[in-house]
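Shown next: entry-v8.pdb, containing PDB, C-alpha atoms.
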MODEL        1
ATOM      1  CA  MET A   1      95.567  -8.051  21.468
ATOM      2  CA  THR A   2      96.026  -7.259  17.800
ATOM      3  CA  ALA A   3      93.949  -4.718  15.914
ATOM      4  CA  ALA A   4      90.704  -6.284  14.731
ATOM      5  CA  LYS A   5      90.438  -7.148  11.053
ATOM      6  CA  ASN A   6      87.262  -6.609   9.074
ATOM      7  CA  PHE A   7      85.429  -9.734   7.973
ATOM      8  CA  THR A   8      82.241 -10.700   6.210
ATOM      9  CA  TYR A   9      80.226 -13.350   8.049
ATOM     10  CA  GLU A  10      77.949 -16.179   7.011
ATOM     11  CA  ALA A  11      76.247 -18.906   9.012
ATOM     12  CA  VAL A  12      77.012 -22.301   7.467
ATOM     13  CA  PRO A  13      73.957 -24.608   7.302
ATOM     14  CA  GLY A  14      73.846 -28.348   6.799
ATOM     15  CA  PHE A  15      75.463 -29.521  10.015
ATOM     16  CA  PHE A  16      72.930 -28.850  12.782
ATOM     17  CA  ARG A  17      69.160 -29.319  12.918
ATOM     18  CA  HIS A  18      68.856 -25.922  14.597
ATOM     19  CA  ASP A  19      69.637 -24.255  11.263
ATOM     20  CA  GLU A  20      66.270 -25.404   9.883
ATOM     21  CA  GLU A  21      64.098 -24.710  12.938
ATOM     22  CA  LEU A  22      61.034 -22.486  12.723
ATOM     23  CA  THR A  23      61.449 -18.744  12.986
ATOM     24  CA  GLY A  24      59.958 -16.810  15.921
ATOM     25  CA  PRO A  25      58.373 -15.497  17.917
ATOM     26  CA  GLN A  26      55.801 -18.278  18.350
ATOM     27  CA  PHE A  27      58.511 -20.969  18.230
ATOM     28  CA  ARG A  28      61.404 -20.994  20.701
ATOM     29  CA  ALA A  29      64.435 -23.232  20.157
ATOM     30  CA  THR A  30      65.516 -25.526  22.967
ATOM     31  CA  THR A  31      68.701 -27.482  23.677
ATOM     32  CA  GLN A  32      68.668 -30.559  21.452
ATOM     33  CA  PRO A  33      70.336 -33.900  22.287
ATOM     34  CA  ALA A  34      73.956 -33.782  21.087
ATOM     35  CA  LEU A  35      73.084 -30.170  20.164
ATOM     36  CA  GLY A  36      71.292 -31.452  17.084
ATOM     37  CA  LEU A  37      74.441 -32.397  15.194
ATOM     38  CA  ILE A  38      73.425 -34.165  11.985
ATOM     39  CA  ASN A  39      75.013 -37.596  11.603
ATOM     40  CA  ARG A  40      76.390 -37.095   8.098
ATOM     41  CA  THR A  41      79.516 -37.989   6.179
ATOM     42  CA  TYR A  42      82.514 -35.702   5.622
ATOM     43  CA  GLU A  43      85.216 -35.705   3.000
ATOM     44  CA  THR A  44      87.734 -36.257   5.798
ATOM     45  CA  ASP A  45      86.126 -39.508   7.019
ATOM     46  CA  ALA A  46      88.265 -41.577   4.648
ATOM     47  CA  VAL A  47      91.374 -40.370   6.471
ATOM     48  CA  PHE A  48      90.112 -39.876  10.014
ATOM     49  CA  ASP A  49      87.582 -42.695  10.455
ATOM     50  CA  LEU A  50      88.758 -45.640   8.376
ATOM     51  CA  GLU A  51      87.103 -48.175  10.706
ATOM     52  CA  GLY A  52      83.884 -46.230  11.213
ATOM     53  CA  LYS A  53      84.281 -46.080  14.998
ATOM     54  CA  LYS A  54      84.443 -42.324  15.599
ATOM     55  CA  THR A  55      81.452 -40.488  17.033
ATOM     56  CA  PRO A  56      79.607 -37.883  14.918
ATOM     57  CA  TRP A  57      81.088 -35.135  17.094
ATOM     58  CA  GLU A  58      84.645 -36.440  16.728
ATOM     59  CA  ARG A  59      84.257 -36.526  12.953
ATOM     60  CA  PHE A  60      82.752 -33.023  12.864
ATOM     61  CA  VAL A  61      85.550 -31.520  14.966
ATOM     62  CA  TYR A  62      88.168 -33.074  12.663
ATOM     63  CA  PHE A  63      86.340 -31.673   9.636
ATOM     64  CA  LEU A  64      86.177 -28.225  11.270
ATOM     65  CA  GLU A  65      89.963 -28.262  11.659
ATOM     66  CA  HIS A  66      90.212 -29.299   8.005
ATOM     67  CA  LEU A  67      88.075 -26.343   6.909
ATOM     68  CA  ASN A  68      90.319 -23.925   8.782
ATOM     69  CA  GLN A  69      93.450 -25.442   7.300
ATOM     70  CA  GLN A  70      91.978 -25.032   3.825
ATOM     71  CA  GLY A  71      91.150 -21.391   4.578
ATOM     72  CA  ARG A  72      94.852 -20.564   5.102
ATOM     73  CA  GLY A  73      94.048 -17.690   7.445
ATOM     74  CA  LYS A  74      91.867 -15.863   4.910
ATOM     75  CA  VAL A  75      88.717 -17.887   5.546
ATOM     76  CA  LEU A  76      88.031 -18.849   9.151
ATOM     77  CA  TYR A  77      85.405 -21.089  10.725
ATOM     78  CA  LYS A  78      84.285 -21.083  14.352
ATOM     79  CA  LEU A  79      81.555 -23.071  16.034
ATOM     80  CA  VAL A  80      79.817 -20.900  18.605
ATOM     81  CA  PHE A  81      77.748 -22.444  21.381
ATOM     82  CA  LEU A  82      75.121 -19.750  21.963
ATOM     83  CA  ILE A  83      73.530 -19.776  25.405
ATOM     84  CA  ARG A  84      70.597 -17.548  26.190
ATOM     85  CA  HIS A  85      70.615 -16.794  29.923
ATOM     86  CA  GLY A  86      68.118 -18.542  32.174
ATOM     87  CA  GLU A  87      64.868 -16.917  33.204
ATOM     88  CA  GLY A  88      65.371 -13.588  34.993
ATOM     89  CA  TYR A  89      63.019 -11.604  37.188
ATOM     90  CA  HIS A  90      62.373  -9.200  34.322
ATOM     91  CA  ASN A  91      61.138 -12.091  32.169
ATOM     92  CA  VAL A  92      58.614 -13.010  34.861
ATOM     93  CA  LYS A  93      57.277  -9.459  35.115
ATOM     94  CA  GLU A  94      56.977  -9.095  31.338
ATOM     95  CA  ALA A  95      55.041 -12.369  31.146
ATOM     96  CA  GLU A  96      52.756 -11.111  33.909
ATOM     97  CA  VAL A  97      51.887  -7.692  32.421
ATOM     98  CA  GLY A  98      52.339  -8.319  28.690
ATOM     99  CA  ARG A  99      54.817  -6.889  26.192
ATOM    100  CA  GLU A 100      53.062  -3.541  25.631
ATOM    101  CA  ALA A 101      52.751  -2.658  29.332
ATOM    102  CA  TRP A 102      56.292  -3.888  29.953
ATOM    103  CA  ASP A 103      57.854  -1.773  27.217
ATOM    104  CA  SER A 104      55.861   1.370  27.965
ATOM    105  CA  HIS A 105      55.958   1.350  31.771
ATOM    106  CA  TRP A 106      57.350  -1.484  33.862
ATOM    107  CA  SER A 107      60.654  -1.895  32.001
ATOM    108  CA  LEU A 108      61.503   1.722  32.865
ATOM    109  CA  LEU A 109      61.285   1.036  36.621
ATOM    110  CA  ASP A 110      63.810  -0.725  38.852
ATOM    111  CA  GLY A 111      61.139  -3.073  40.159
ATOM    112  CA  ASP A 112      57.753  -3.318  41.866
ATOM    113  CA  ASP A 113      56.659  -3.848  45.478
ATOM    114  CA  HIS A 114      57.957  -7.427  45.449
ATOM    115  CA  THR A 115      60.860  -7.730  42.998
ATOM    116  CA  ASN A 116      63.865  -5.776  41.738
ATOM    117  CA  TRP A 117      64.841  -6.358  38.104
ATOM    118  CA  SER A 118      67.537  -3.716  37.609
ATOM    119  CA  ASP A 119      70.386  -5.758  36.075
ATOM    120  CA  ALA A 120      68.021  -8.654  36.579
ATOM    121  CA  SER A 121      69.302 -11.771  38.282
ATOM    122  CA  LEU A 122      68.088 -15.329  37.704
ATOM    123  CA  THR A 123      64.924 -16.683  39.238
ATOM    124  CA  GLU A 124      64.965 -20.134  40.816
ATOM    125  CA  LYS A 125      63.623 -21.484  37.526
ATOM    126  CA  GLY A 126      66.457 -19.690  35.721
ATOM    127  CA  ARG A 127      69.024 -21.352  37.962
ATOM    128  CA  GLN A 128      67.411 -24.723  37.317
ATOM    129  CA  GLN A 129      67.624 -24.076  33.570
ATOM    130  CA  ALA A 130      71.338 -23.334  33.898
ATOM    131  CA  GLN A 131      71.786 -26.474  36.004
ATOM    132  CA  ALA A 132      70.091 -28.467  33.241
ATOM    133  CA  LEU A 133      72.748 -27.154  30.850
ATOM    134  CA  ASN A 134      75.414 -28.334  33.272
ATOM    135  CA  ALA A 135      73.862 -31.828  33.261
ATOM    136  CA  PHE A 136      73.737 -31.686  29.458
ATOM    137  CA  TRP A 137      77.439 -30.882  29.342
ATOM    138  CA  GLN A 138      78.393 -33.638  31.765
ATOM    139  CA  ASN A 139      76.631 -36.216  29.587
ATOM    140  CA  ALA A 140      77.900 -34.728  26.324
ATOM    141  CA  ILE A 141      81.534 -34.744  27.411
ATOM    142  CA  GLU A 142      81.379 -38.253  28.854
ATOM    143  CA  ASN A 143      79.276 -39.993  26.206
ATOM    144  CA  THR A 144      79.206 -38.192  22.840
ATOM    145  CA  GLY A 145      82.697 -36.874  22.163
ATOM    146  CA  MET A 146      81.284 -33.340  22.090
ATOM    147  CA  PRO A 147      84.120 -30.934  22.905
ATOM    148  CA  SER A 148      83.939 -28.361  25.656
ATOM    149  CA  PRO A 149      84.568 -24.773  24.531
ATOM    150  CA  GLN A 150      88.131 -23.636  24.039
ATOM    151  CA  ARG A 151      87.065 -20.226  25.316
ATOM    152  CA  TYR A 152      84.081 -18.897  27.248
ATOM    153  CA  TYR A 153      82.680 -15.413  26.638
ATOM    154  CA  THR A 154      79.843 -13.844  28.587
ATOM    155  CA  SER A 155      77.793 -10.675  28.733
ATOM    156  CA  PRO A 156      78.532  -8.613  31.871
ATOM    157  CA  LEU A 157      74.864  -8.561  32.915
ATOM    158  CA  ALA A 158      74.155 -10.481  36.112
ATOM    159  CA  ARG A 159      71.841 -13.083  34.575
ATOM    160  CA  CYS A 160      74.508 -14.117  32.059
ATOM    161  CA  LEU A 161      77.348 -14.180  34.571
ATOM    162  CA  GLU A 162      75.334 -16.521  36.792
ATOM    163  CA  THR A 163      74.109 -18.703  33.926
ATOM    164  CA  THR A 164      77.680 -19.165  32.691
ATOM    165  CA  LYS A 165      78.951 -20.150  36.124
ATOM    166  CA  ILE A 166      76.221 -22.701  36.789
ATOM    167  CA  ALA A 167      76.248 -24.175  33.277
ATOM    168  CA  TYR A 168      79.994 -24.752  33.057
ATOM    169  CA  SER A 169      81.253 -25.240  36.617
ATOM    170  CA  GLY A 170      82.611 -28.596  37.747
ATOM    171  CA  LEU A 171      82.977 -30.162  34.311
ATOM    172  CA  ASP A 172      85.804 -32.519  33.399
ATOM    173  CA  VAL A 173      87.487 -30.325  30.793
ATOM    174  CA  PRO A 174      91.004 -30.558  29.322
ATOM    175  CA  SER A 175      93.739 -28.585  31.065
ATOM    176  CA  ASP A 176      94.328 -26.487  27.934
ATOM    177  CA  ARG A 177      90.758 -25.132  27.967
ATOM    178  CA  PRO A 178      90.056 -24.238  31.618
ATOM    179  CA  PHE A 179      86.840 -22.590  32.707
ATOM    180  CA  LYS A 180      87.868 -18.939  32.886
ATOM    181  CA  PRO A 181      85.156 -16.837  31.250
ATOM    182  CA  ILE A 182      85.940 -13.540  29.572
ATOM    183  CA  VAL A 183      83.455 -10.750  30.222
ATOM    184  CA  LYS A 184      82.735  -8.758  27.051
ATOM    185  CA  GLU A 185      80.619  -5.599  26.963
ATOM    186  CA  LYS A 186      79.571  -6.157  23.361
ATOM    187  CA  LEU A 187      77.660  -9.328  24.303
ATOM    188  CA  ARG A 188      75.102  -7.273  26.232
ATOM    189  CA  GLU A 189      71.422  -6.943  25.494
ATOM    190  CA  CYS A 190      70.221  -3.758  23.724
ATOM    191  CA  PHE A 191      71.484  -0.668  25.531
ATOM    192  CA  GLY A 192      69.123   1.818  27.111
ATOM    193  CA  GLU A 193      65.721   2.482  28.720
ATOM    194  CA  HIS A 194      65.042  -0.976  30.183
ATOM    195  CA  THR A 195      66.565  -1.101  33.666
ATOM    196  CA  CYS A 196      66.997  -4.878  33.434
ATOM    197  CA  ASP A 197      69.709  -4.130  30.859
ATOM    198  CA  ARG A 198      71.574  -1.584  32.994
ATOM    199  CA  ARG A 199      74.892  -3.116  34.036
ATOM    200  CA  SER A 200      76.225  -3.326  37.584
ATOM    201  CA  THR A 201      79.649  -1.854  38.308
ATOM    202  CA  ARG A 202      82.909  -3.469  37.300
ATOM    203  CA  SER A 203      83.752  -3.699  41.018
ATOM    204  CA  TRP A 204      80.572  -5.704  41.623
ATOM    205  CA  ILE A 205      81.527  -8.185  38.898
ATOM    206  CA  VAL A 206      85.050  -8.526  40.330
ATOM    207  CA  ALA A 207      83.699  -9.117  43.834
ATOM    208  CA  ASN A 208      81.081 -11.671  42.795
ATOM    209  CA  TYR A 209      82.959 -13.442  39.992
ATOM    210  CA  PRO A 210      86.654 -13.208  40.883
ATOM    211  CA  GLU A 211      87.508 -16.143  38.610
ATOM    212  CA  TYR A 212      86.273 -14.268  35.520
ATOM    213  CA  GLU A 213      88.554 -12.244  33.263
ATOM    214  CA  ILE A 214      87.142  -8.796  32.499
ATOM    215  CA  GLU A 215      88.187  -7.047  29.315
ATOM    216  CA  PRO A 216      90.229  -3.892  30.085
ATOM    217  CA  SER A 217      87.824  -1.579  28.251
ATOM    218  CA  LEU A 218      84.893  -2.331  30.557
ATOM    219  CA  ALA A 219      84.406   0.839  32.627
ATOM    220  CA  GLU A 220      83.610   0.944  36.332
ATOM    221  CA  ASN A 221      80.130   2.383  35.735
ATOM    222  CA  ASP A 222      77.740   1.643  32.898
ATOM    223  CA  GLU A 223      78.449   4.333  30.325
ATOM    224  CA  LYS A 224      76.461   2.614  27.565
ATOM    225  CA  TRP A 225      73.002   2.646  29.132
ATOM    226  CA  LYS A 226      70.841   5.761  28.714
ATOM    227  CA  ALA A 227      67.466   6.174  30.423
ATOM    228  CA  ASP A 228      65.941   8.018  27.467
ATOM    229  CA  ARG A 229      67.325   6.137  24.449
ATOM    230  CA  ARG A 230      67.205   2.524  23.294
ATOM    231  CA  GLU A 231      69.844   1.124  20.957
ATOM    232  CA  THR A 232      68.513   0.682  17.415
ATOM    233  CA  ASP A 233      68.570  -2.558  15.413
ATOM    234  CA  ASP A 234      71.265  -1.128  13.134
ATOM    235  CA  GLU A 235      73.392  -0.093  16.107
ATOM    236  CA  ILE A 236      73.244  -3.498  17.771
ATOM    237  CA  ALA A 237      74.089  -5.115  14.422
ATOM    238  CA  ASP A 238      77.162  -2.889  14.165
ATOM    239  CA  ARG A 239      78.104  -3.863  17.719
ATOM    240  CA  VAL A 240      77.810  -7.552  16.863
ATOM    241  CA  ARG A 241      80.067  -7.068  13.828
ATOM    242  CA  GLU A 242      82.646  -5.379  16.065
ATOM    243  CA  LEU A 243      82.355  -8.259  18.537
ATOM    244  CA  LEU A 244      82.900 -10.841  15.810
ATOM    245  CA  ASP A 245      85.780  -8.858  14.278
ATOM    246  CA  ASP A 246      87.439  -8.822  17.709
ATOM    247  CA  VAL A 247      86.905 -12.538  18.364
ATOM    248  CA  PHE A 248      87.870 -13.746  14.889
ATOM    249  CA  SER A 249      90.985 -11.522  14.919
ATOM    250  CA  ASN A 250      92.239 -12.462  18.390
ATOM    251  CA  GLU A 251      90.780 -15.838  19.363
ATOM    252  CA  ASP A 252      92.685 -18.951  18.272
ATOM    253  CA  GLY A 253      90.018 -21.349  19.498
ATOM    254  CA  LYS A 254      87.715 -22.813  16.866
ATOM    255  CA  ILE A 255      85.010 -23.859  19.334
ATOM    256  CA  ILE A 256      83.816 -21.140  21.702
ATOM    257  CA  SER A 257      80.856 -20.225  23.877
ATOM    258  CA  PHE A 258      78.831 -16.997  24.065
ATOM    259  CA  THR A 259      76.409 -16.474  26.948
ATOM    260  CA  ALA A 260      74.122 -13.657  25.903
ATOM    261  CA  HIS A 261      70.551 -12.464  25.399
ATOM    262  CA  SER A 262      67.605 -12.941  23.041
ATOM    263  CA  GLY A 263      68.152  -9.594  21.323
ATOM    264  CA  LEU A 264      71.882 -10.145  20.946
ATOM    265  CA  ILE A 265      71.393 -13.642  19.516
ATOM    266  CA  ARG A 266      68.839 -12.383  16.989
ATOM    267  CA  ALA A 267      71.247  -9.604  15.987
ATOM    268  CA  LEU A 268      74.020 -12.181  15.564
ATOM    269  CA  TYR A 269      71.735 -14.238  13.349
ATOM    270  CA  ASN A 270      70.954 -11.140  11.312
ATOM    271  CA  VAL A 271      74.637 -10.334  10.811
ATOM    272  CA  THR A 272      75.478 -13.926   9.821
ATOM    273  CA  ASN A 273      72.360 -14.407   7.639
ATOM    274  CA  HIS A 274      71.083 -17.198   9.859
ATOM    275  CA  ARG A 275      67.368 -17.918  10.029
ATOM    276  CA  ASP A 276      65.628 -15.728  12.628
ATOM    277  CA  VAL A 277      65.127 -18.536  15.142
ATOM    278  CA  TRP A 278      64.175 -17.321  18.614
ATOM    279  CA  VAL A 279      65.879 -19.109  21.504
ATOM    280  CA  GLN A 280      64.194 -20.107  24.731
ATOM    281  CA  ALA A 281      65.565 -18.828  28.032
ATOM    282  CA  GLY A 282      68.192 -21.220  29.396
ATOM    283  CA  ALA A 283      68.739 -22.975  26.059
ATOM    284  CA  MET A 284      71.942 -23.562  24.104
ATOM    285  CA  VAL A 285      72.091 -23.668  20.302
ATOM    286  CA  PRO A 286      74.945 -24.015  17.767
ATOM    287  CA  ASN A 287      76.028 -21.526  15.123
ATOM    288  CA  LEU A 288      78.815 -22.441  12.697
ATOM    289  CA  ILE A 289      80.170 -19.153  11.359
ATOM    290  CA  LYS A 290      82.354 -18.636   8.302
ATOM    291  CA  ALA A 291      84.412 -15.434   8.232
ATOM    292  CA  GLU A 292      86.225 -14.088   5.182
ATOM    293  CA  ILE A 293      88.630 -11.189   5.375
ATOM    294  CA  ALA A 294      87.049  -8.218   3.651
ATOM    295  CA  GLU A 295      89.198  -6.838   0.854
TER     296      GLU A 295
ENDMDL
END
Can you give me the file's structure in the form of structure tokens?
Amino acid sequence: MTAAKNFTYEAVPGFFRHDEELTGPQFRATTQPALGLINRTYETDAVFDLEGKKTPWERFVYFLEHLNQQGRGKVLYKLVFLIRHGEGYHNVKEAEVGREAWDSHWSLLDGDDHTNWSDASLTEKGRQQAQALNAFWQNAIENTGMPSPQRYYTSPLARCLETTKIAYSGLDVPSDRPFKPIVKEKLRECFGEHTCDRRSTRSWIVANYPEYEIEPSLAENDEKWKADRRETDDEIADRVRELLDDVFSNEDGKIISFTAHSGLIRALYNVTNHRDVWVQAGAMVPNLIKAEIAE
């Protein structure tokens, strides 16, 4: 792994309907057919699609490669499939008691008399949401020309690890982009206070997800989570910038997947100047990101 470069980041609108969706929190974005790719023309169509027979996704992917060739390594473009994990047990409890009671009391506990939400796992509904993503992917790959990710990244929290596995397992993907997720600490939800965001041990992840690749820096125990301090908005934004610097410096793939959390996705949108669209649990949305090397 090379040392991460410093970039400036900007979400690029005009390609996906998600970019113009309503901002939250009353509205929550869902997975759109074909991921909401706009059926538009590209300057490369005259070369790539002379007979007009290519699918919108095939034409977009060719144009994305064209953009990166034009950037000559100084301006980079990556399409990120952003998945918010499926419903977890913590989401159910928060909906039951309300945000104020959750933040001030219940989120600080490991659970109640019926449920444990420390490093919250998926509910049955959450697993069904992830399975719906798997069905989406099967159809997209077979019928729309939509490419599977060249790399899969996931938060180390249990609800994301499980969502990633269910959503992407068993798909007919090319041999050069196998399903082997990389676990990255910086994709986590806000650190601190809420026990649902306290990570399980590295050994637990290895035992339960042996097919996943875990970044070397991920410690055995959760050294990021503090019971008496919650990560600030500025701190999570800095963490997202470090995540993007790492990925844009070391990842050759132009189409990648992040499985993460509502807070992380909103921070990513803040860093890339995307509209503050809130994403529903178990949904997948696109974000085309332009990165320029900072002078």
Here's the selection I'm unsure about, the PyMOL selection byres ((chain A and resi 235) around 12); applied to the file above, which residues does it give, as a compact mmCIF listing (two decimals) with C-alpha atoms, keeping the file's coordinate frame?
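Produced file out_36.txt, reproduced below:
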# COMPACT_ATOMS: atom_id res chain seq x y z
CA LYS A 186 79.57 -6.16 23.36
CA GLU A 189 71.42 -6.94 25.49
CA CYS A 190 70.22 -3.76 23.72
CA PHE A 191 71.48 -0.67 25.53
CA GLY A 192 69.12 1.82 27.11
CA ARG A 230 67.20 2.52 23.29
CA GLU A 231 69.84 1.12 20.96
CA THR A 232 68.51 0.68 17.42
CA ASP A 233 68.57 -2.56 15.41
CA ASP A 234 71.26 -1.13 13.13
CA ILE A 236 73.24 -3.50 17.77
CA ALA A 237 74.09 -5.12 14.42
CA ASP A 238 77.16 -2.89 14.16
CA ARG A 239 78.10 -3.86 17.72
CA VAL A 240 77.81 -7.55 16.86
CA ARG A 241 80.07 -7.07 13.83
CA GLU A 242 82.65 -5.38 16.07
CA LEU A 264 71.88 -10.14 20.95
CA ALA A 267 71.25 -9.60 15.99
CA VAL A 271 74.64 -10.33 10.81
* **Picked residues, the PyMOL selection byres ((chain A and resi 287) around 8), as a VMD selection string** => chain A and resid 11 to 12 19 79 to 82 285 to 286 288 to 289
* Structure fact -> Correct to one decimal, the distance atom CA of A:His194-atom CA of A:Leu268 is 20.5 Å
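A straight line drawn from atom CA of A:Gln129 to atom CA of A:Glu21 is 20.9 Å long.
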* Asked: Expanded to explicit residues, what is the PyMOL selection byres ((chain A and resi 109) around 10) for this file, as a list in words?
  ->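 Evaluating the PyMOL selection byres ((chain A and resi 109) around 10) on these coordinates yields Trp102, His105, Trp106, Ser107, Leu108, Asp110, Gly111, Asp112, Asn116, Trp117, Ser118, Glu193, His194, Thr195 and Cys196 of chain A.
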* Asked: Which distance in Å separates atom CA of A:Glu100 and atom CA of A:Arg199, to one decimal?
  ->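 Between atom CA of A:Glu100 and atom CA of A:Arg199 the gap works out to 23.4 Å.
Every residue within 6 Å of the file position (71.3, -19.7, 26.2), judged by only C-alpha atoms, is given as Leu82, Ile83, Arg84, His85, Gly282, Ala283 and Met284 of chain A.
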Can you build me a table of stretch 235-269 of chain A residues sitting at most 12 Å from stretch 53-65 of chain A, with the closest atom pair per residue and its distance in Å to one decimal, using all atoms listed in the file, sorted by chain and residue number, as a Markdown table?
| residue | atom | partner | partner_atom | distance |
| --- | --- | --- | --- | --- |
| A:Asp252 | CA | A:Glu65 | CA | 11.7 |
| A:Gly253 | CA | A:Glu65 | CA | 10.5 |
| A:Lys254 | CA | A:Glu65 | CA | 7.9 |
| A:Ile255 | CA | A:Val61 | CA | 8.8 |
Axis-aligned box for all listed atoms of stretch 255-262 of chain A, 3 Å per side, centre and edges in Å to one decimal, as lines of an AutoDock Vina configuration file:
center_x = 76.3
center_y = -18.2
center_z = 23.1
size_x = 23.4
size_y = 17.4
size_z = 13.6
Because some atoms of stretch 76-93 of chain A are absent here, can you restore N, CA, C and O atoms and send them as a tab-separated table (two decimals), keeping the file's coordinate frame?
chain	number	residue	atom	x	y	z
A	76	LEU	N	88.01	-18.24	7.83
A	76	LEU	CA	88.03	-18.85	9.15
A	76	LEU	C	86.66	-19.41	9.50
A	76	LEU	O	85.63	-18.86	9.09
A	77	TYR	N	86.66	-20.49	10.26
A	77	TYR	CA	85.40	-21.09	10.72
A	77	TYR	C	85.47	-21.25	12.24
A	77	TYR	O	86.48	-21.74	12.78
A	78	LYS	N	84.40	-20.85	12.91
A	78	LYS	CA	84.28	-21.08	14.35
A	78	LYS	C	82.88	-21.61	14.65
A	78	LYS	O	81.89	-21.11	14.10
A	79	LEU	N	82.83	-22.59	15.51
A	79	LEU	CA	81.56	-23.07	16.03
A	79	LEU	C	81.30	-22.35	17.35
A	79	LEU	O	82.11	-22.42	18.28
A	80	VAL	N	80.17	-21.65	17.41
A	80	VAL	CA	79.82	-20.90	18.60
A	80	VAL	C	78.64	-21.59	19.30
A	80	VAL	O	77.58	-21.78	18.68
A	81	PHE	N	78.85	-21.98	20.56
A	81	PHE	CA	77.75	-22.44	21.38
A	81	PHE	C	77.06	-21.21	21.96
A	81	PHE	O	77.65	-20.50	22.79
A	82	LEU	N	75.85	-20.93	21.52
A	82	LEU	CA	75.12	-19.75	21.96
A	82	LEU	C	74.18	-20.13	23.10
A	82	LEU	O	73.26	-20.94	22.91
A	83	ILE	N	74.41	-19.55	24.25
A	83	ILE	CA	73.53	-19.78	25.40
A	83	ILE	C	72.73	-18.51	25.67
A	83	ILE	O	73.31	-17.42	25.82
A	84	ARG	N	71.41	-18.64	25.69
A	84	ARG	CA	70.60	-17.55	26.19
A	84	ARG	C	70.45	-17.75	27.70
A	84	ARG	O	70.16	-18.86	28.16
A	85	HIS	N	70.68	-16.70	28.47
A	85	HIS	CA	70.61	-16.79	29.92
A	85	HIS	C	69.31	-17.43	30.39
A	85	HIS	O	68.28	-17.40	29.70
A	86	GLY	N	69.33	-18.00	31.58
A	86	GLY	CA	68.12	-18.54	32.17
A	86	GLY	C	67.12	-17.45	32.51
A	86	GLY	O	67.41	-16.25	32.44
A	87	GLU	N	65.93	-17.87	32.88
A	87	GLU	CA	64.87	-16.92	33.20
A	87	GLU	C	65.31	-15.93	34.28
A	87	GLU	O	65.82	-16.32	35.33
A	88	GLY	N	65.08	-14.63	34.02
A	88	GLY	CA	65.37	-13.59	34.99
A	88	GLY	C	64.08	-12.99	35.53
A	88	GLY	O	62.99	-13.23	35.00
A	89	TYR	N	64.21	-12.19	36.57
A	89	TYR	CA	63.02	-11.60	37.19
A	89	TYR	C	62.29	-10.66	36.23
A	89	TYR	O	61.06	-10.51	36.31
A	90	HIS	N	63.02	-10.05	35.31
A	90	HIS	CA	62.37	-9.20	34.32
A	90	HIS	C	61.49	-10.01	33.37
A	90	HIS	O	60.44	-9.55	32.94
A	91	ASN	N	61.94	-11.23	33.03
A	91	ASN	CA	61.14	-12.09	32.17
A	91	ASN	C	59.80	-12.44	32.83
A	91	ASN	O	58.77	-12.48	32.17
A	92	VAL	N	59.84	-12.67	34.13
A	92	VAL	CA	58.61	-13.01	34.86
A	92	VAL	C	57.64	-11.84	34.84
A	92	VAL	O	56.43	-12.02	34.60
A	93	LYS	N	58.16	-10.62	35.08
A	93	LYS	CA	57.28	-9.46	35.12
A	93	LYS	C	56.69	-9.18	33.73
A	93	LYS	O	55.49	-8.86	33.61
